[in-house]
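This report refers to the structure that appears directly beneath it.
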Amino acid sequence: MNAPSPTDGPVFGVDIQSGDVRGDAPTYALVILRPDDGDEGEAGVERDAVSRRKLRRLIEEAEPTRLAVDNMYELAADKNALVGFLRSLPAGTDLVQVTGANRPEPLSRVAQRYGVPYAKKPMKEAEAAARLAHRNVGQRVTAFGDTTTVKVSRGRSAGGGGGWSDDRFTRRIHGNVRKAAREVESDLDDANLEYEKEVTEKYGGLSNAVFTVEARPEDIPVSNTRNGDVRIEIERERRDGIEFEPLVKRRDHVVVGIDPGTTTAAAVVGLDGTVHDLFSSRTSDTAELTEWLIERGRPMLVAADVTPMPETVEKFRRSFDAAGWTPESDLPVDEKLHRTRDHAYENDHERDALAAALFGVDDHADQFERIAAKVPPKLDREAVIARVVSGEESVEAVVRELTDDGADEEDEQEHEERELTEEERRIRDLEAQVGRLKEHTEELEEELEEKENEIREYERELSDARKKERREARERREVNRLERRAERLERERDEAIAENEELHEKLARLKTLWKLDHSDFSDVAGDRDLVAVKTIPQFTRDAIDRADDAFGLAAGDVIYLRDASGAGTSTAERLAETEPRLVLKNGNLSEEADAVLFDHEIPVAPADPVTIQEVDELAVARESEVEEAIDDWEDRAEERRREQTESMMDRVISEHRADERLGGEGA
């Protein structure tokens, strides 16, 4: 936010003339400087002695750009009272302490330094303060930040609506508060202002809405109002203490080197040869370069690297009313390179501008030292050097002018007062009594105002504390919510990782299954003499069904029973339906199961002689060992069938003999 210029309106200078701000109601010497449009820099002057109440009224009416004092506590008894006074100032009015910040200098010294007339009289001190502030001398006093609170609330109690029912009356008030809050929000949006909003929902609408706006009150298109059901209050955010801001940044006297052309370059160098900044551009104009130079100092010497000085450089010199410098002949490139060897630059144009400035400083170095040696310690040496170099004045003349107080005391002629008549004495006494009563009234009014300010301050602090508590509660809720979300996300992450690992394992098993169950398994196995083996953990119908669902059981499979015990006829029948090529078993089959498998001519062999390499439910075995197991079973089966045939023949013969014996006995 740019501070208002002193030329935008009047400047008030104030000094206590009588009384004490901490005790009796003071009277102030007031000087008003009004800028004269016809003669820039001069101002019309008005002088008056006013009470504190009248001073405040004049400030409110005239809205001066600056209210200048030599000590801010001439306007308030303490810090809290000063904050209240600052809050009462119009939006565009700055309180300026012209003597500095926390450690102010004597006003006489500051006035002498800047050539402002001064005398040790309240009216003269007030005028000196006004003129210094008009020249941008001093520190802006502030107790508020750039954040403003706009509060929309009820203008009356929600209870007691007269002829209205309580519900209707309350609903109307809260509805009007909501409507006003929406209008304020719309105004803030139209002004492109950043803000935060807090609302309190109540029956029928809102009881209040608080907007925290990142702007000063004068930039907010809303004003304090109270209209029936709704009240709008605007209050700036108070800082922790009183702060000071310079009216303008310090701008030292500098030497400027300029290299004109298609690419314009400039260099800013201090009087001691310190390089402050460099500039170059193909598109900038004179105004842009001038503004850039002003931001970096007050040029007192403008230099070029060629002679005569180019017209463009000469225009800059004249615009700053500075002295000029050019070399006796154009500076050679090797000399410019040598002089600028210790400094960084981006192109040849910046190098040429920098070389011109540095050679200009070198050429005036002895003169700068001679002038500085003659300047008294209390004066600004650079200011004297600048005036001597650019104005071609003698050192003695400049020092004499700056040390001249310019404020001779006015001769006061003594005269004898005539003796007053009785009526005149009565009038004088009554006027004095009226004056005392007015002063007492003003004092009481000021005391009442201070109490009201104190109450408002307590209310504001209470509101701030409540707002802080609500904000902390919101933050705690938000932290808890984020912590819960983080925990949930961590759980989901862990579950996803586990699921991913499970899927990778399943994919690996599926790849293995594909290799083992592929129709071209011989291509996969190559010459490694391998055959797929499908594993069933237990010899039960459920285990067989699960294996069939998981990887399928087909005719010609080699089945491996990890535990072959316990199976009955139906289980053996279920396995036989798959028509396996070979069943390898751990443990002993039941007689029923063994008989079923044998009847279906399904080879069954112990698993131990066969080398089985398991992969989960899948496995591989050597083809040669499988063939050996089948051949062995064939041998055993042939023997078993022969034994069964012999047993059957023995039984038939036995039965035949028994029949013959029974027939003989019957004959």
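Labels used: A, B, ... for chains in the order of the structure tokens, numbers from 1 for residues in each chain, and numbers from 1 for ligands as shown.
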Can you write out as CSV which residues of range 84-158 of chain A fall within 10 Å of range 63-71 of chain A, alongside each residue's closest atom pair and its distance in Å to one decimal, counting only C-alpha atoms and ordering rows by chain and ascending residue number?
```
residue,atom,partner,partner_atom,distance
A:Leu89,CA,A:Glu63,CA,8.3
A:Pro90,CA,A:Glu63,CA,6.1
A:Ala91,CA,A:Glu63,CA,8.3
A:Gly92,CA,A:Thr65,CA,6.0
A:Thr93,CA,A:Thr65,CA,4.6
A:Asp94,CA,A:Arg66,CA,4.7
A:Leu95,CA,A:Leu67,CA,4.8
A:Val96,CA,A:Ala68,CA,4.8
A:Gln97,CA,A:Val69,CA,5.2
A:Val98,CA,A:Asp70,CA,5.6
A:Thr99,CA,A:Asp70,CA,5.5
A:Gly100,CA,A:Asp70,CA,8.5
A:Ala101,CA,A:Asn71,CA,9.6
A:Pro104,CA,A:Asn71,CA,7.9
A:Glu105,CA,A:Asp70,CA,8.8
A:Pro106,CA,A:Asp70,CA,8.1
A:Leu107,CA,A:Asp70,CA,6.3
A:Ser108,CA,A:Asp70,CA,9.9
A:Val110,CA,A:Asp70,CA,9.9
A:Glu125,CA,A:Asp70,CA,8.0
A:Ala126,CA,A:Val69,CA,7.0
A:Glu127,CA,A:Ala68,CA,9.1
A:Ala128,CA,A:Asp70,CA,9.1
A:Ala129,CA,A:Ala68,CA,5.5
A:Ala130,CA,A:Ala68,CA,5.5
A:Arg131,CA,A:Ala68,CA,8.7
A:Leu132,CA,A:Ala68,CA,8.2
A:Ala133,CA,A:Ala68,CA,6.1
A:His134,CA,A:Arg66,CA,8.1
A:Asn136,CA,A:Arg66,CA,9.9
A:Val137,CA,A:Ala68,CA,9.8
A:Gly138,CA,A:Ala68,CA,8.6
A:Gln139,CA,A:Ala68,CA,9.6
A:Arg140,CA,A:Arg66,CA,8.9
```
Filtering to N, CA and C atoms, could you give me those residues as a compact mmCIF listing (two decimals), in the first residue's frame?
```txt
# COMPACT_ATOMS: atom_id res chain seq x y z
N LEU A 89 -7.86 8.31 13.97
CA LEU A 89 -7.45 9.12 12.83
C LEU A 89 -8.17 8.68 11.56
N PRO A 90 -8.44 9.61 10.64
CA PRO A 90 -9.03 9.22 9.35
C PRO A 90 -8.14 8.23 8.62
N ALA A 91 -8.73 7.50 7.70
CA ALA A 91 -8.01 6.41 7.02
C ALA A 91 -6.76 6.91 6.31
N GLY A 92 -6.81 8.10 5.72
CA GLY A 92 -5.67 8.58 4.94
C GLY A 92 -4.70 9.45 5.70
N THR A 93 -4.81 9.52 7.02
CA THR A 93 -3.95 10.39 7.83
C THR A 93 -2.90 9.56 8.56
N ASP A 94 -1.63 9.97 8.42
CA ASP A 94 -0.53 9.31 9.11
C ASP A 94 -0.01 10.20 10.23
N LEU A 95 0.24 9.59 11.40
CA LEU A 95 0.93 10.30 12.48
C LEU A 95 2.42 10.16 12.24
N VAL A 96 3.13 11.30 12.15
CA VAL A 96 4.55 11.30 11.82
C VAL A 96 5.34 11.95 12.96
N GLN A 97 6.33 11.21 13.46
CA GLN A 97 7.27 11.77 14.44
C GLN A 97 8.51 12.17 13.67
N VAL A 98 8.70 13.47 13.49
CA VAL A 98 9.74 13.97 12.58
C VAL A 98 11.14 13.85 13.18
N THR A 99 11.24 13.58 14.47
CA THR A 99 12.56 13.54 15.12
C THR A 99 13.16 12.14 15.16
N GLY A 100 12.51 11.16 14.53
CA GLY A 100 13.07 9.81 14.48
C GLY A 100 12.14 8.79 15.10
N ALA A 101 12.70 7.62 15.42
CA ALA A 101 11.89 6.51 15.90
C ALA A 101 11.95 6.42 17.43
N PRO A 104 14.36 9.60 19.52
CA PRO A 104 14.26 10.82 18.70
C PRO A 104 15.38 11.81 19.01
N GLU A 105 15.75 12.56 17.97
CA GLU A 105 16.73 13.64 18.12
C GLU A 105 16.01 14.92 18.52
N PRO A 106 16.76 15.92 19.00
CA PRO A 106 16.14 17.23 19.23
C PRO A 106 15.60 17.79 17.92
N LEU A 107 14.43 18.42 18.00
CA LEU A 107 13.83 18.99 16.80
C LEU A 107 14.73 20.05 16.18
N SER A 108 15.43 20.79 17.02
CA SER A 108 16.31 21.85 16.50
C SER A 108 17.39 21.27 15.60
N VAL A 110 17.29 18.37 13.88
CA VAL A 110 16.70 17.86 12.64
C VAL A 110 16.36 19.01 11.70
N GLU A 125 7.80 25.54 16.53
CA GLU A 125 8.11 24.11 16.53
C GLU A 125 7.05 23.32 15.74
N ALA A 126 5.79 23.73 15.88
CA ALA A 126 4.73 23.07 15.11
C ALA A 126 4.95 23.28 13.62
N GLU A 127 5.34 24.50 13.25
CA GLU A 127 5.57 24.77 11.82
C GLU A 127 6.79 23.99 11.31
N ALA A 128 7.84 23.92 12.13
CA ALA A 128 9.02 23.15 11.72
C ALA A 128 8.64 21.68 11.52
N ALA A 129 7.84 21.12 12.42
CA ALA A 129 7.41 19.73 12.27
C ALA A 129 6.62 19.54 10.99
N ALA A 130 5.71 20.48 10.70
CA ALA A 130 4.89 20.37 9.49
C ALA A 130 5.76 20.42 8.24
N ARG A 131 6.73 21.35 8.23
CA ARG A 131 7.58 21.48 7.04
C ARG A 131 8.49 20.26 6.86
N LEU A 132 8.98 19.71 7.96
CA LEU A 132 9.81 18.50 7.85
C LEU A 132 8.98 17.34 7.30
N ALA A 133 7.76 17.18 7.82
CA ALA A 133 6.90 16.09 7.32
C ALA A 133 6.56 16.30 5.85
N HIS A 134 6.38 17.59 5.47
CA HIS A 134 6.08 17.89 4.07
C HIS A 134 7.25 17.52 3.16
N ASN A 136 9.07 14.86 3.63
CA ASN A 136 9.25 13.41 3.80
C ASN A 136 10.32 13.07 4.84
N VAL A 137 10.45 13.91 5.85
CA VAL A 137 11.38 13.66 6.94
C VAL A 137 10.59 13.09 8.12
N GLY A 138 11.07 11.99 8.69
CA GLY A 138 10.45 11.45 9.89
C GLY A 138 10.02 10.01 9.75
N GLN A 139 9.39 9.52 10.83
CA GLN A 139 8.95 8.13 10.91
C GLN A 139 7.43 8.09 11.09
N ARG A 140 6.78 7.24 10.31
CA ARG A 140 5.34 7.03 10.44
C ARG A 140 5.08 6.16 11.66
```
Can you pull out the residues contacting Val275 in chain A? Cut-off 9 Å, using only C-alpha atoms, and skip same-chain residues under 3 positions away; I want them as an mmCIF file with C-alpha atoms, in the first residue's frame.
```cif
data_model
loop_
_atom_site.group_PDB
_atom_site.id
_atom_site.type_symbol
_atom_site.label_atom_id
_atom_site.label_comp_id
_atom_site.auth_asym_id
_atom_site.auth_seq_id
_atom_site.Cartn_x
_atom_site.Cartn_y
_atom_site.Cartn_z
ATOM 1 C CA ALA A 267 25.767 1.824 -13.302
ATOM 2 C CA VAL A 268 25.265 3.259 -9.796
ATOM 3 C CA VAL A 269 28.413 3.715 -7.679
ATOM 4 C CA GLY A 270 28.833 5.209 -4.199
ATOM 5 C CA LEU A 278 23.877 -2.304 -12.826
ATOM 6 C CA HIS A 343 33.254 -6.407 -10.694
ATOM 7 C CA LEU A 354 30.463 0.955 -14.912
ATOM 8 C CA LEU A 358 34.352 4.369 -11.591
#
```
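CA of Val31 in chain A is found 25.8 Å from CA of Glu450 in chain A.
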Name the closest residue to Arg298 in chain A among the candidates A:Leu402, A:Ala322, A:Leu75, A:Ile544; distances are taken between atoms, counting only C-alpha atoms. A:Ala322
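Every protein, DNA or RNA residue with an atom at most 7 Å from range 206-213 of chain A, where only C-alpha atoms count and chain neighbours fewer than 5 positions away do not, is listed here: Thr147, Thr148, Thr149, Val150, Lys151, Val152, Ser153, Arg154, His174, Gly175, Val177, Arg178, Ala181, Leu193, Glu194, Tyr195, Glu196, Lys197, Glu198, Val199, Thr200 and Glu201 of chain A.
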Those same residues, written as a PDB file, in the first residue's frame with C-alpha atoms?
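And here is the file that came out, part_24.pdb:
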```pdb
ATOM      1  CA  THR A 147      -5.495  -6.876   8.317  1.00  0.00           C
ATOM      2  CA  THR A 148      -8.992  -5.610   9.078  1.00  0.00           C
ATOM      3  CA  THR A 149     -11.910  -7.343  10.771  1.00  0.00           C
ATOM      4  CA  VAL A 150     -15.394  -6.677   9.398  1.00  0.00           C
ATOM      5  CA  LYS A 151     -18.056  -7.960  11.807  1.00  0.00           C
ATOM      6  CA  VAL A 152     -21.711  -8.215  10.794  1.00  0.00           C
ATOM      7  CA  SER A 153     -23.905  -8.856  13.834  1.00  0.00           C
ATOM      8  CA  ARG A 154     -27.315  -8.242  15.328  1.00  0.00           C
ATOM      9  CA  HIS A 174     -31.078 -13.484  11.856  1.00  0.00           C
ATOM     10  CA  GLY A 175     -32.301 -13.421   8.269  1.00  0.00           C
ATOM     11  CA  VAL A 177     -27.867 -10.513   9.360  1.00  0.00           C
ATOM     12  CA  ARG A 178     -27.424 -13.277   6.764  1.00  0.00           C
ATOM     13  CA  ALA A 181     -23.272 -10.727   5.393  1.00  0.00           C
ATOM     14  CA  LEU A 193      -9.821  -8.705  -1.623  1.00  0.00           C
ATOM     15  CA  GLU A 194      -8.568 -11.807   0.178  1.00  0.00           C
ATOM     16  CA  TYR A 195     -10.463 -12.714   3.335  1.00  0.00           C
ATOM     17  CA  GLU A 196     -11.488 -15.472   5.711  1.00  0.00           C
ATOM     18  CA  LYS A 197     -15.061 -15.830   6.912  1.00  0.00           C
ATOM     19  CA  GLU A 198     -16.473 -17.223  10.145  1.00  0.00           C
ATOM     20  CA  VAL A 199     -20.225 -17.403  10.692  1.00  0.00           C
ATOM     21  CA  THR A 200     -22.428 -18.384  13.612  1.00  0.00           C
ATOM     22  CA  GLU A 201     -25.578 -20.125  12.431  1.00  0.00           C
TER      23      GLU A 201
END
```
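Between Phe169 in chain A and the residues A:Gly115, A:Gly273, A:Gly204, A:Pro377, the shortest atom-to-atom distance, using only C-alpha atoms, involves A:Gly204.
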